[in-house]
$ cat run_37.txt   # compact mmCIF, C-alpha atoms
# COMPACT_ATOMS: atom_id res chain seq x y z
CA MET U 7 74.89 120.10 95.15
CA PRO U 8 76.69 119.96 98.54
CA GLY U 9 77.21 116.21 98.14
CA LEU U 10 78.51 116.56 94.59
CA LEU U 11 80.92 119.28 95.71
CA LEU U 12 82.21 116.92 98.38
CA VAL U 13 82.57 114.17 95.75
CA ALA U 14 84.52 116.52 93.46
CA THR U 15 86.81 117.60 96.30
CA ALA U 16 87.46 114.03 97.41
CA THR U 17 88.18 112.98 93.81
CA ALA U 18 90.72 115.77 93.44
CA VAL U 19 92.36 114.78 96.73
CA ALA U 20 92.51 111.12 95.63
CA PHE U 21 94.34 112.01 92.41
CA ALA U 22 96.64 114.39 94.29
CA VAL U 23 97.63 111.62 96.68
CA THR U 24 98.31 109.29 93.74
CA ARG U 25 100.48 111.93 92.10
CA VAL U 26 102.59 112.19 95.26
CA LEU U 27 102.47 108.43 95.97
CA PRO U 28 102.20 106.67 92.56
CA ALA U 29 102.09 103.24 94.20
CA VAL U 30 98.75 104.13 95.85
CA PRO U 31 95.87 103.99 93.31
CA ALA U 32 93.38 106.86 93.32
CA SER U 33 90.57 104.31 93.57
CA THR U 34 91.92 103.03 96.88
CA VAL U 35 92.28 106.56 98.25
CA ALA U 36 88.72 107.40 97.18
CA VAL U 37 87.21 104.42 99.00
CA ALA U 38 89.27 105.21 102.10
CA LEU U 39 88.15 108.85 102.07
CA GLY U 40 84.51 107.81 101.78
CA MET U 41 84.88 105.42 104.70
CA LEU U 42 86.57 108.16 106.71
CA VAL U 43 83.76 110.65 106.06
CA VAL U 44 80.94 108.32 107.07
CA ASN U 45 82.65 106.75 110.07
CA LEU U 46 83.66 110.13 111.51
CA GLY U 47 80.01 111.19 111.40
CA ALA U 48 80.60 113.82 108.71
CA HIS U 49 78.21 112.30 106.15
CA ARG U 50 75.36 114.70 106.91
CA PRO U 51 71.86 114.31 105.41
CA ALA U 52 72.47 117.28 103.09
CA LEU U 53 75.41 115.43 101.52
CA ARG U 54 73.71 112.09 100.91
CA PRO U 55 71.78 112.89 97.70
CA GLY U 56 75.01 113.96 96.01
CA THR U 57 77.06 110.98 97.16
CA ARG U 58 74.19 108.69 96.13
CA VAL U 59 74.27 110.19 92.62
CA ALA U 60 78.00 109.47 92.49
CA SER U 61 77.73 105.90 93.71
CA ARG U 62 74.90 105.06 91.30
CA HIS U 63 74.69 107.27 88.21
CA LEU U 64 78.35 108.24 87.87
CA LEU U 65 79.34 104.60 88.33
CA GLN U 66 76.88 103.53 85.63
CA LEU U 67 78.32 106.13 83.26
CA ALA U 68 81.81 104.85 84.06
CA VAL U 69 80.68 101.34 83.08
CA VAL U 70 79.36 102.66 79.74
CA LEU U 71 82.65 104.43 78.99
CA LEU U 72 84.55 101.30 79.99
CA GLY U 73 83.12 99.72 76.85
CA LEU U 74 85.15 102.14 74.72
CA GLN U 75 88.32 100.48 76.03
CA LEU U 76 87.24 97.09 74.71
CA SER U 77 86.97 95.94 71.11
CA LEU U 78 86.52 92.64 69.37
CA GLY U 79 90.14 92.95 68.32
CA HIS U 80 91.22 92.41 71.92
CA LEU U 81 89.54 89.01 71.92
CA ALA U 82 91.33 88.08 68.72
CA GLN U 83 94.71 89.08 70.16
CA ILE U 84 94.69 86.65 73.06
CA GLY U 85 93.78 83.62 70.94
CA VAL U 86 91.79 80.53 71.81
CA ALA U 87 94.09 79.46 74.66
CA GLY U 88 94.03 82.89 76.27
CA LEU U 89 90.26 83.07 75.95
CA ALA U 90 89.98 79.64 77.58
CA VAL U 91 92.05 80.91 80.54
CA VAL U 92 89.80 83.96 80.89
CA VAL U 93 86.51 82.08 80.64
CA GLY U 94 87.70 79.29 82.94
CA THR U 95 88.91 81.75 85.56
CA VAL U 96 85.66 83.71 85.51
CA VAL U 97 83.44 80.62 85.70
CA VAL U 98 85.41 78.96 88.52
CA THR U 99 85.73 82.19 90.53
CA PHE U 100 82.09 83.19 90.13
CA THR U 101 80.60 79.80 90.98
CA GLY U 102 83.20 78.98 93.62
CA THR U 103 82.73 82.28 95.46
CA ARG U 104 78.97 81.83 95.59
CA LEU U 105 79.40 78.33 97.02
CA LEU U 106 81.92 79.60 99.57
CA GLY U 107 79.49 82.37 100.53
CA ARG U 108 76.83 79.78 101.24
CA LEU U 109 79.24 77.76 103.39
CA LEU U 110 80.32 80.87 105.32
CA GLY U 111 76.75 82.05 105.92
CA VAL U 112 77.07 85.22 103.82
CA SER U 113 73.79 86.37 102.25
CA ARG U 114 73.10 85.31 98.67
CA ALA U 115 72.98 88.91 97.43
CA ARG U 116 76.30 89.86 99.02
CA SER U 117 77.94 86.63 97.82
CA LEU U 118 76.69 87.37 94.30
CA LEU U 119 78.16 90.89 94.31
CA VAL U 120 81.49 89.70 95.74
CA ALA U 121 81.64 86.89 93.18
CA THR U 122 80.94 89.33 90.34
CA GLY U 123 83.51 91.87 91.49
CA PHE U 124 86.31 89.34 91.93
CA SER U 125 85.59 87.36 88.78
CA ILE U 126 85.13 90.27 86.32
CA CYS U 127 86.25 93.86 86.95
CA GLY U 128 85.75 95.08 90.49
CA ALA U 129 83.46 98.01 91.23
CA SER U 130 82.22 98.37 87.64
CA ALA U 131 80.99 94.77 87.61
CA ILE U 132 79.41 95.17 91.06
CA ALA U 133 77.55 98.25 89.80
CA ALA U 134 76.17 96.30 86.87
CA MET U 135 75.12 93.29 88.94
CA GLU U 136 73.47 95.21 91.78
CA LYS U 137 70.88 96.53 89.33
CA VAL U 138 69.50 93.06 88.63
CA THR U 139 69.31 91.64 92.15
CA ASP U 140 67.67 92.51 95.47
CA HIS U 141 70.23 93.47 98.10
CA HIS U 142 70.74 95.50 101.27
CA ASP U 143 72.21 99.00 101.04
CA ASP U 144 75.52 97.91 102.56
CA ASP U 145 76.08 94.88 100.29
CA ALA U 146 77.56 96.75 97.33
CA PRO U 147 79.89 98.97 99.44
CA ALA U 148 81.12 95.86 101.30
CA ALA U 149 81.88 94.10 98.01
CA VAL U 150 83.63 97.19 96.64
CA ALA U 151 85.72 97.50 99.80
CA LEU U 152 86.87 93.90 99.42
CA VAL U 153 87.88 94.12 95.76
CA THR U 154 89.63 97.43 96.45
CA LEU U 155 91.53 95.97 99.41
CA CYS U 156 92.56 92.78 97.65
CA GLY U 157 93.37 94.52 94.37
CA SER U 158 95.57 97.02 96.19
CA LEU U 159 97.36 94.21 98.03
CA GLY U 160 97.86 92.48 94.68
CA ILE U 161 99.78 95.48 93.34
CA VAL U 162 102.40 94.80 96.00
CA LEU U 163 102.30 91.02 96.28
CA LEU U 164 101.92 89.70 92.73
CA PRO U 165 105.20 91.14 91.35
CA LEU U 166 107.02 89.61 94.35
CA LEU U 167 105.56 86.20 93.45
CA ARG U 168 106.68 86.29 89.82
CA GLY U 169 110.11 84.80 90.57
CA PRO U 170 108.97 82.00 92.92
CA LEU U 171 106.18 81.07 90.47
CA ASP U 172 108.63 81.09 87.53
CA LEU U 173 106.62 83.39 85.27
CA ASP U 174 108.24 85.20 82.34
CA PRO U 175 106.91 88.72 81.54
CA VAL U 176 104.27 87.50 79.09
CA ALA U 177 103.02 84.77 81.40
CA PHE U 178 103.02 87.23 84.30
CA GLY U 179 100.95 89.64 82.21
CA GLU U 180 98.45 86.87 81.44
CA TRP U 181 98.22 85.98 85.13
CA VAL U 182 97.69 89.58 86.19
CA GLY U 183 95.10 90.24 83.49
CA ALA U 184 93.17 87.10 84.41
CA SER U 185 93.22 87.63 88.18
CA VAL U 186 93.45 91.32 89.17
CA HIS U 187 90.06 93.00 89.54
CA ASP U 188 90.10 96.64 88.41
CA ILE U 189 91.76 97.83 85.18
CA GLY U 190 93.71 100.51 87.07
CA GLN U 191 95.00 97.89 89.49
CA THR U 192 95.92 95.67 86.55
CA VAL U 193 97.98 98.44 84.97
CA ALA U 194 99.68 99.30 88.28
CA THR U 195 100.59 95.64 88.89
CA ALA U 196 101.80 94.72 85.40
CA ASN U 197 103.70 97.97 84.94
CA GLN U 198 106.23 96.81 87.53
CA VAL U 199 107.46 94.04 85.19
CA PRO U 200 108.84 95.26 81.84
CA GLY U 201 107.13 93.52 78.94
CA ALA U 202 104.01 92.47 80.87
CA LEU U 203 101.71 95.48 80.52
CA HIS U 204 100.32 94.98 77.01
CA THR U 205 99.46 91.32 77.62
CA ALA U 206 97.92 92.09 81.01
CA VAL U 207 95.64 94.84 79.66
CA THR U 208 94.59 92.75 76.65
CA VAL U 209 93.66 89.75 78.81
CA LYS U 210 91.93 92.02 81.32
CA LEU U 211 89.79 93.63 78.64
CA ALA U 212 88.81 90.19 77.36
CA ARG U 213 87.64 89.46 80.90
CA VAL U 214 85.60 92.66 80.92
CA ALA U 215 83.84 91.39 77.78
CA LEU U 216 82.18 88.71 79.92
CA LEU U 217 80.44 91.35 82.06
CA ALA U 218 77.39 91.70 79.83
CA PRO U 219 76.63 87.98 79.33
CA LEU U 220 77.16 87.25 83.03
CA VAL U 221 74.82 90.02 84.21
CA ALA U 222 72.23 89.18 81.55
CA THR U 223 72.26 85.50 82.59
CA VAL U 224 71.73 86.36 86.26
CA ALA U 225 69.02 88.89 85.37
CA LEU U 226 67.09 86.40 83.26
CA ALA U 227 67.32 83.80 86.02
CA ALA U 228 66.02 86.37 88.53
CA ARG U 229 63.13 87.30 86.25
CA ARG U 230 62.14 83.68 85.85
CA ALA U 231 62.25 83.19 89.62
CA ALA U 232 60.22 86.36 90.21
CA GLY U 233 57.69 85.33 87.57
CA GLY U 234 56.61 82.40 89.71
CA VAL U 235 55.46 84.66 92.55
CA SER U 236 52.03 86.24 92.32
CA ASP U 237 53.03 89.74 93.47
CA ALA U 238 56.43 89.74 91.82
CA PRO U 239 55.86 91.59 88.52
CA HIS U 240 56.43 94.99 90.14
CA ARG U 241 59.76 93.85 91.53
CA ARG U 242 61.09 91.88 88.58
CA PRO U 243 64.56 93.15 87.64
CA PRO U 244 65.25 94.26 84.07
CA ALA U 245 66.62 91.61 81.73
CA VAL U 246 69.51 93.94 80.88
CA PRO U 247 70.00 97.31 82.64
CA PRO U 248 69.92 100.24 80.18
CA PHE U 249 73.46 101.32 81.04
CA LEU U 250 74.71 97.82 80.22
CA VAL U 251 73.15 98.24 76.78
CA GLY U 252 75.19 101.44 76.58
CA PHE U 253 78.28 99.42 77.48
CA LEU U 254 77.60 97.02 74.58
CA VAL U 255 77.05 99.94 72.18
CA ALA U 256 80.37 101.42 73.33
CA VAL U 257 82.11 98.08 72.68
CA ALA U 258 80.59 98.00 69.18
CA LEU U 259 81.82 101.55 68.51
CA ALA U 260 85.30 100.72 69.80
CA SER U 261 85.40 97.80 67.36
CA THR U 262 85.06 100.21 64.42
CA PRO U 263 87.36 103.00 63.18
CA LEU U 264 84.66 105.61 63.96
CA ILE U 265 86.33 106.90 67.14
CA PRO U 266 89.73 108.61 66.60
CA ASP U 267 92.59 107.99 69.02
CA ARG U 268 92.40 111.34 70.83
CA PRO U 269 88.70 111.14 71.75
CA ALA U 270 89.22 107.50 72.79
CA ALA U 271 92.11 108.51 75.07
CA ALA U 272 90.02 111.36 76.51
CA ALA U 273 87.18 108.92 77.19
CA ARG U 274 89.59 106.67 79.12
CA HIS U 275 90.59 109.58 81.34
CA VAL U 276 86.97 110.62 81.91
CA GLN U 277 86.07 107.01 82.75
CA HIS U 278 88.85 106.88 85.33
CA VAL U 279 87.76 110.15 86.95
CA LEU U 280 84.12 109.05 87.08
CA LEU U 281 85.09 105.70 88.58
CA VAL U 282 87.17 107.34 91.32
CA ALA U 283 84.31 109.75 92.10
CA ALA U 284 81.86 106.85 92.25
CA LEU U 285 84.15 104.87 94.54
CA PHE U 286 84.17 107.76 96.99
CA GLY U 287 80.38 107.69 96.92
CA LEU U 288 80.41 103.95 97.53
CA GLY U 289 82.93 104.41 100.31
CA THR U 290 80.43 106.57 102.19
CA GLY U 291 78.24 103.47 102.38
CA ILE U 292 80.86 101.47 104.28
CA HIS U 293 79.64 102.04 107.83
CA LEU U 294 81.93 99.90 109.97
CA PRO U 295 79.52 99.29 112.90
CA THR U 296 76.96 97.97 110.40
CA LEU U 297 79.49 95.76 108.64
CA ARG U 298 80.79 94.26 111.87
CA ARG U 299 77.70 92.08 112.17
CA THR U 300 78.81 89.99 109.18
CA GLY U 301 82.21 91.57 108.61
CA GLY U 302 84.27 88.55 109.60
CA ARG U 303 82.41 86.21 107.28
CA THR U 304 82.42 88.75 104.45
CA LEU U 305 86.16 89.37 104.83
CA ALA U 306 86.81 85.62 104.83
CA LEU U 307 84.76 85.29 101.65
CA GLY U 308 86.70 88.08 99.96
CA MET U 309 90.08 86.59 100.87
CA ALA U 310 88.97 83.13 99.75
CA SER U 311 87.69 84.54 96.45
CA TRP U 312 90.98 86.40 95.93
CA LEU U 313 92.96 83.19 96.41
CA LEU U 314 90.55 81.35 94.14
CA VAL U 315 90.83 83.79 91.24
CA ALA U 316 94.64 84.04 91.56
CA GLY U 317 95.09 80.27 91.86
CA THR U 318 92.72 79.43 89.00
CA ALA U 319 94.32 82.01 86.71
CA TYR U 320 97.80 80.70 87.53
CA VAL U 321 96.82 77.10 86.75
CA GLY U 322 95.20 78.25 83.52
CA VAL U 323 98.28 80.20 82.43
CA ARG U 324 100.52 77.23 83.23
CA LEU U 325 98.34 74.75 81.34
CA LEU U 326 97.16 76.84 78.41
CA GLY U 327 99.28 80.00 78.28
CA ASP U 328 101.72 80.56 75.47

$ encode --input "run_37.txt" --output "C-alpha cells"
Amino acid sequence: MPGLLLVATATAVAFAVTRVLPAVPASTVAVALGMLVVNLGAHRPALRPGTRVASRHLLQLAVVLLGLQLSLGHLAQIGVAGLAVVVGTVVVTFTGTRLLGRLLGVSRARSLLVATGFSICGASAIAAMEKVTDHHDDDAPAAVALVTLCGSLGIVLLPLLRGPLDLDPVAFGEWVGASVHDIGQTVATANQVPGALHTAVTVKLARVALLAPLVATVALAARRAAGGVSDAPHRRPPAVPPFLVGFLVAVALASTPLIPDRPAAAARHVQHVLLVAALFGLGTGIHLPTLRRTGGRTLALGMASWLLVAGTAYVGVRLLGD
C-alpha cells in the first residue's frame, strides 16, 4: 500500500505538470520522478512492492487496454502502401537495432528490449517483450528511459524538420506515426502540424498491431532454444503472455460495434493513466550508478536506433507514401 500511494501521488503530479506545461508529456515526467526517487535514496524497501506492482501489473493492464484503441479498420485506412511502410520500418528497426547492439557490446536481452521499444510502441512493447525473455532487472528500465528520452526529443525536433524534409501534413503524419514510439508522443508531435494528427494516429495504431506477432515470434524462438537444454523446461517462456492474449481480445472487440464511443473514450483515458503510473514504477528501476557500467553503450544504441527508425520511416514515406 505505501508504494501504491506513492505511485498514485507521482501520477497525479505528472498530470499536473503536463496541465501547466502541455509540451511536457506526463509519461516523461513520470519516468523522471521515478528516477529522482530512487537516485535520491528515497525508494525504501516498504515502497518497492507497490512500485513493482505498478511497473509490472499496471503496465500489463495498460497493454491490454491499448488494444481497444486499435481495430482492423485502422489497417484498412492506411492501404497497402502505408502498411508496407509500417512493416518495413518495424522490420528494419528491430533487426538493425539488435545488430547494432551486438556491435556495441550491449547484452542480447537489453538490445532486444530496446529494439522492441523503438520499433513498435515504447514502454508497452517493452513490457510485452520482457515477459518472454531472460533479462536483468535494470534492462527494461534502461530501455524505457531511452524511448522516453528520444520520443520526448522527437516532439520538439520532428516538427522543425518538416520544412527541410519537404513533407506536407499528410506525409508528415505518416512519418510521425511510423517513427515515434509512444502513442502519446505521436499525438503531441503530430498535433503541432494542422492536418497531420489523424494520419499519424492511424499509422501508429497499425504499427501497434505488429506487437503481438513480433512478441509471439520471439517467444516461440526462445522456447525452441530452451527446449534443447536438459534443465530448461522450468524456465521456458510462455509462447504468448496471457496479457498479450487480452490485447488481441481487445483488438477483436474494438473491431466490432459492441463497444460504444463513451466507454471506448473512457478506456483510452484509463489506459493513459495506467501507463503513466507504470512508467513511474519503471523509473524507480533506473539506478544511475548501476546503469553507468554500460550506460554509454546503451545510450549510443538508443540514439542509433532512433536515427534508424526515423530514417527508415522517412525513406518509406518518400518511396511509398501517398

$ residues_around --input "run_37.txt" --residues "Asn45 (chain U)" --least-positions-apart "4" --cutoff "9 Å" --atoms "all atoms listed in the file" --output "VMD selection string"
chain U and resid 40 to 41 49 290 292 to 295

$ write_last_selection --input "run_37.txt" --atoms "C-alpha atoms" --output "PDB file, in the coordinates of the input"
ATOM      1  CA  GLY U  40      84.510 107.810 101.780  1.00  0.00           C
ATOM      2  CA  MET U  41      84.880 105.420 104.700  1.00  0.00           C
ATOM      3  CA  HIS U  49      78.210 112.300 106.150  1.00  0.00           C
ATOM      4  CA  THR U 290      80.430 106.570 102.190  1.00  0.00           C
ATOM      5  CA  ILE U 292      80.860 101.470 104.280  1.00  0.00           C
ATOM      6  CA  HIS U 293      79.640 102.040 107.830  1.00  0.00           C
ATOM      7  CA  LEU U 294      81.930  99.900 109.970  1.00  0.00           C
ATOM      8  CA  PRO U 295      79.520  99.290 112.900  1.00  0.00           C
TER       9      PRO U 295
END

$ residues_around --input "run_37.txt" --residues "region 117-123 of chain U" --least-positions-apart "2" --cutoff "8 Å" --atoms "only C-alpha atoms" --output "JSON, numbers by chain"
{"U": [99, 100, 101, 103, 104, 107, 108, 112, 113, 114, 115, 125, 126, 127, 128, 129, 130, 131, 132, 135, 136, 145, 146, 149, 150, 152, 153, 187, 307, 308, 311]}

$ residues_near_point --input "run_37.txt" --point "(89.3, 92.7, 87.2)" --cutoff "12 Å" --atoms "all atoms listed in the file" --output "JSON, numbers by chain"
{"U": [92, 95, 96, 99, 120, 121, 122, 123, 124, 125, 126, 127, 128, 129, 130, 131, 132, 150, 153, 154, 156, 157, 158, 160, 181, 182, 183, 184, 185, 186, 187, 188, 189, 190, 191, 192, 193, 195, 206, 207, 208, 209, 210, 211, 212, 213, 214, 215, 216, 217, 312, 315, 316, 319]}

$ closest_residue --input "run_37.txt" --among "U:Pro175, U:Gly56, U:Pro31, U:Pro248" --to "Val19 (chain U)" --atoms "all atoms listed in the file"
U:Pro31

$ closest_residue --input "run_37.txt" --among "U:Leu105, U:Val323, U:Val44, U:Ala60" --to "Thr17 (chain U)" --atoms "all atoms listed in the file"
U:Ala60

$ residues_around --input "run_37.txt" --residues "Ile265 (chain U)" --least-positions-apart "6" --cutoff "12 Å" --atoms "only C-alpha atoms" --output "list of chain:residue names"
U:Leu74, U:Gln75, U:Ser77, U:Ala256, U:Val257, U:Ala258, U:Leu259, U:Ala271, U:Ala272, U:Ala273

$ closest_residue --input "run_37.txt" --among "U:Ala148, U:Leu65, U:Val138, U:Leu173" --to "Leu226 (chain U)" --atoms "only C-alpha atoms"
U:Val138

$ closest_atom_pairs --input "run_37.txt" --of "region 259-304 of chain U" --to "region 252-255 of chain U" --cutoff "12 Å" --atoms "only C-alpha atoms" --output "JSON lines"
{"residue": "U:Leu259", "atom": "CA", "partner": "U:Val255", "partner_atom": "CA", "distance": 6.2}
{"residue": "U:Ala260", "atom": "CA", "partner": "U:Val255", "partner_atom": "CA", "distance": 8.6}
{"residue": "U:Ser261", "atom": "CA", "partner": "U:Val255", "partner_atom": "CA", "distance": 9.9}
{"residue": "U:Thr262", "atom": "CA", "partner": "U:Val255", "partner_atom": "CA", "distance": 11.2}

$ closest_residue --input "run_37.txt" --among "U:Leu220, U:Val162, U:Leu155, U:Leu313" --to "Thr34 (chain U)" --atoms "only C-alpha atoms"
U:Leu155

$ residues_near_point --input "run_37.txt" --point "(91.7, 76.8, 74.7)" --cutoff "7 Å" --atoms "only C-alpha atoms" --output "mmCIF file with C-alpha atoms, in the coordinates of the input"
data_model
loop_
_atom_site.group_PDB
_atom_site.id
_atom_site.type_symbol
_atom_site.label_atom_id
_atom_site.label_comp_id
_atom_site.auth_asym_id
_atom_site.auth_seq_id
_atom_site.Cartn_x
_atom_site.Cartn_y
_atom_site.Cartn_z
ATOM 1 C CA VAL U 86 91.790 80.530 71.810
ATOM 2 C CA ALA U 87 94.090 79.460 74.660
ATOM 3 C CA GLY U 88 94.030 82.890 76.270
ATOM 4 C CA LEU U 89 90.260 83.070 75.950
ATOM 5 C CA ALA U 90 89.980 79.640 77.580
ATOM 6 C CA LEU U 326 97.160 76.840 78.410
#

$ closest_residue --input "run_37.txt" --among "U:Ala18, U:Ala133, U:Ala196, U:Leu159" --to "Val70 (chain U)" --atoms "all atoms listed in the file"
U:Ala133

$ residues_around --input "run_37.txt" --residues "Val59 (chain U)" --least-positions-apart "2" --cutoff "12 Å" --atoms "only C-alpha atoms" --output "list in words"
Met7, Pro8, Gly9, Leu10, Leu11, Leu12, Val13, Leu53, Arg54, Pro55, Gly56, Thr57, Ser61, Arg62, His63, Leu64, Leu65, Gln66, Leu67, Leu280, Ala283, Ala284, Leu285, Phe286, Gly287, Leu288 and Thr290 of chain U

$ decode --input "run_37.txt" --residues "region 252-273 of chain U" --atoms "N, CA, C and O atoms" --output "short mmCIF file (atom, residue, chain, number, x, y, z; two decimals), in the first residue's frame"
data_model
loop_
_atom_site.label_atom_id
_atom_site.label_comp_id
_atom_site.auth_asym_id
_atom_site.auth_seq_id
_atom_site.Cartn_x
_atom_site.Cartn_y
_atom_site.Cartn_z
N GLY U 252 -5.03 -10.97 -23.93
CA GLY U 252 -6.02 -9.94 -23.62
C GLY U 252 -5.96 -8.78 -24.59
O GLY U 252 -7.00 -8.23 -24.99
N PHE U 253 -4.76 -8.40 -25.01
CA PHE U 253 -4.59 -7.34 -26.01
C PHE U 253 -5.28 -7.73 -27.31
O PHE U 253 -6.00 -6.92 -27.92
N LEU U 254 -5.10 -8.98 -27.76
CA LEU U 254 -5.71 -9.43 -29.01
C LEU U 254 -7.24 -9.48 -28.89
O LEU U 254 -7.95 -9.13 -29.84
N VAL U 255 -7.74 -9.90 -27.72
CA VAL U 255 -9.18 -9.90 -27.50
C VAL U 255 -9.73 -8.47 -27.56
O VAL U 255 -10.79 -8.21 -28.15
N ALA U 256 -8.98 -7.53 -26.97
CA ALA U 256 -9.40 -6.12 -27.00
C ALA U 256 -9.43 -5.59 -28.43
O ALA U 256 -10.34 -4.84 -28.82
N VAL U 257 -8.44 -5.97 -29.24
CA VAL U 257 -8.43 -5.57 -30.66
C VAL U 257 -9.66 -6.12 -31.37
O VAL U 257 -10.32 -5.42 -32.15
N ALA U 258 -9.97 -7.40 -31.10
CA ALA U 258 -11.15 -8.01 -31.72
C ALA U 258 -12.43 -7.28 -31.32
O ALA U 258 -13.30 -7.03 -32.16
N LEU U 259 -12.53 -6.91 -30.04
CA LEU U 259 -13.72 -6.17 -29.58
C LEU U 259 -13.80 -4.79 -30.24
O LEU U 259 -14.88 -4.34 -30.63
N ALA U 260 -12.65 -4.13 -30.36
CA ALA U 260 -12.63 -2.80 -30.97
C ALA U 260 -13.00 -2.84 -32.44
O ALA U 260 -13.39 -1.81 -33.02
N SER U 261 -12.86 -4.01 -33.06
CA SER U 261 -13.18 -4.17 -34.48
C SER U 261 -14.66 -4.43 -34.70
O SER U 261 -15.10 -4.59 -35.85
N THR U 262 -15.44 -4.50 -33.62
CA THR U 262 -16.88 -4.72 -33.71
C THR U 262 -17.61 -3.50 -33.15
O THR U 262 -17.00 -2.64 -32.49
N PRO U 263 -18.90 -3.39 -33.39
CA PRO U 263 -19.66 -2.26 -32.83
C PRO U 263 -20.14 -2.51 -31.39
O PRO U 263 -21.04 -1.82 -30.91
N LEU U 264 -19.55 -3.47 -30.69
CA LEU U 264 -20.03 -3.85 -29.37
C LEU U 264 -19.70 -2.80 -28.30
O LEU U 264 -20.37 -2.73 -27.27
N ILE U 265 -18.64 -2.01 -28.52
CA ILE U 265 -18.22 -1.04 -27.50
C ILE U 265 -18.64 0.35 -27.96
O ILE U 265 -18.12 0.87 -28.96
N PRO U 266 -19.56 1.00 -27.24
CA PRO U 266 -19.98 2.37 -27.61
C PRO U 266 -18.83 3.37 -27.47
O PRO U 266 -17.80 3.09 -26.85
N ASP U 267 -19.04 4.55 -28.04
CA ASP U 267 -17.97 5.55 -28.08
C ASP U 267 -17.55 6.02 -26.69
O ASP U 267 -16.37 6.18 -26.42
N ARG U 268 -18.53 6.23 -25.80
CA ARG U 268 -18.17 6.76 -24.48
C ARG U 268 -17.31 5.79 -23.66
O ARG U 268 -16.28 6.18 -23.12
N PRO U 269 -17.70 4.52 -23.56
CA PRO U 269 -16.82 3.58 -22.86
C PRO U 269 -15.45 3.44 -23.54
O PRO U 269 -14.44 3.27 -22.84
N ALA U 270 -15.41 3.51 -24.85
CA ALA U 270 -14.12 3.43 -25.55
C ALA U 270 -13.23 4.62 -25.20
O ALA U 270 -12.02 4.47 -24.96
N ALA U 271 -13.84 5.82 -25.15
CA ALA U 271 -13.08 7.02 -24.77
C ALA U 271 -12.61 6.92 -23.32
O ALA U 271 -11.46 7.29 -23.00
N ALA U 272 -13.48 6.40 -22.43
CA ALA U 272 -13.08 6.24 -21.04
C ALA U 272 -11.93 5.25 -20.91
O ALA U 272 -11.00 5.45 -20.12
N ALA U 273 -11.96 4.19 -21.71
CA ALA U 273 -10.88 3.20 -21.68
C ALA U 273 -9.56 3.81 -22.12
O ALA U 273 -8.50 3.47 -21.59
#
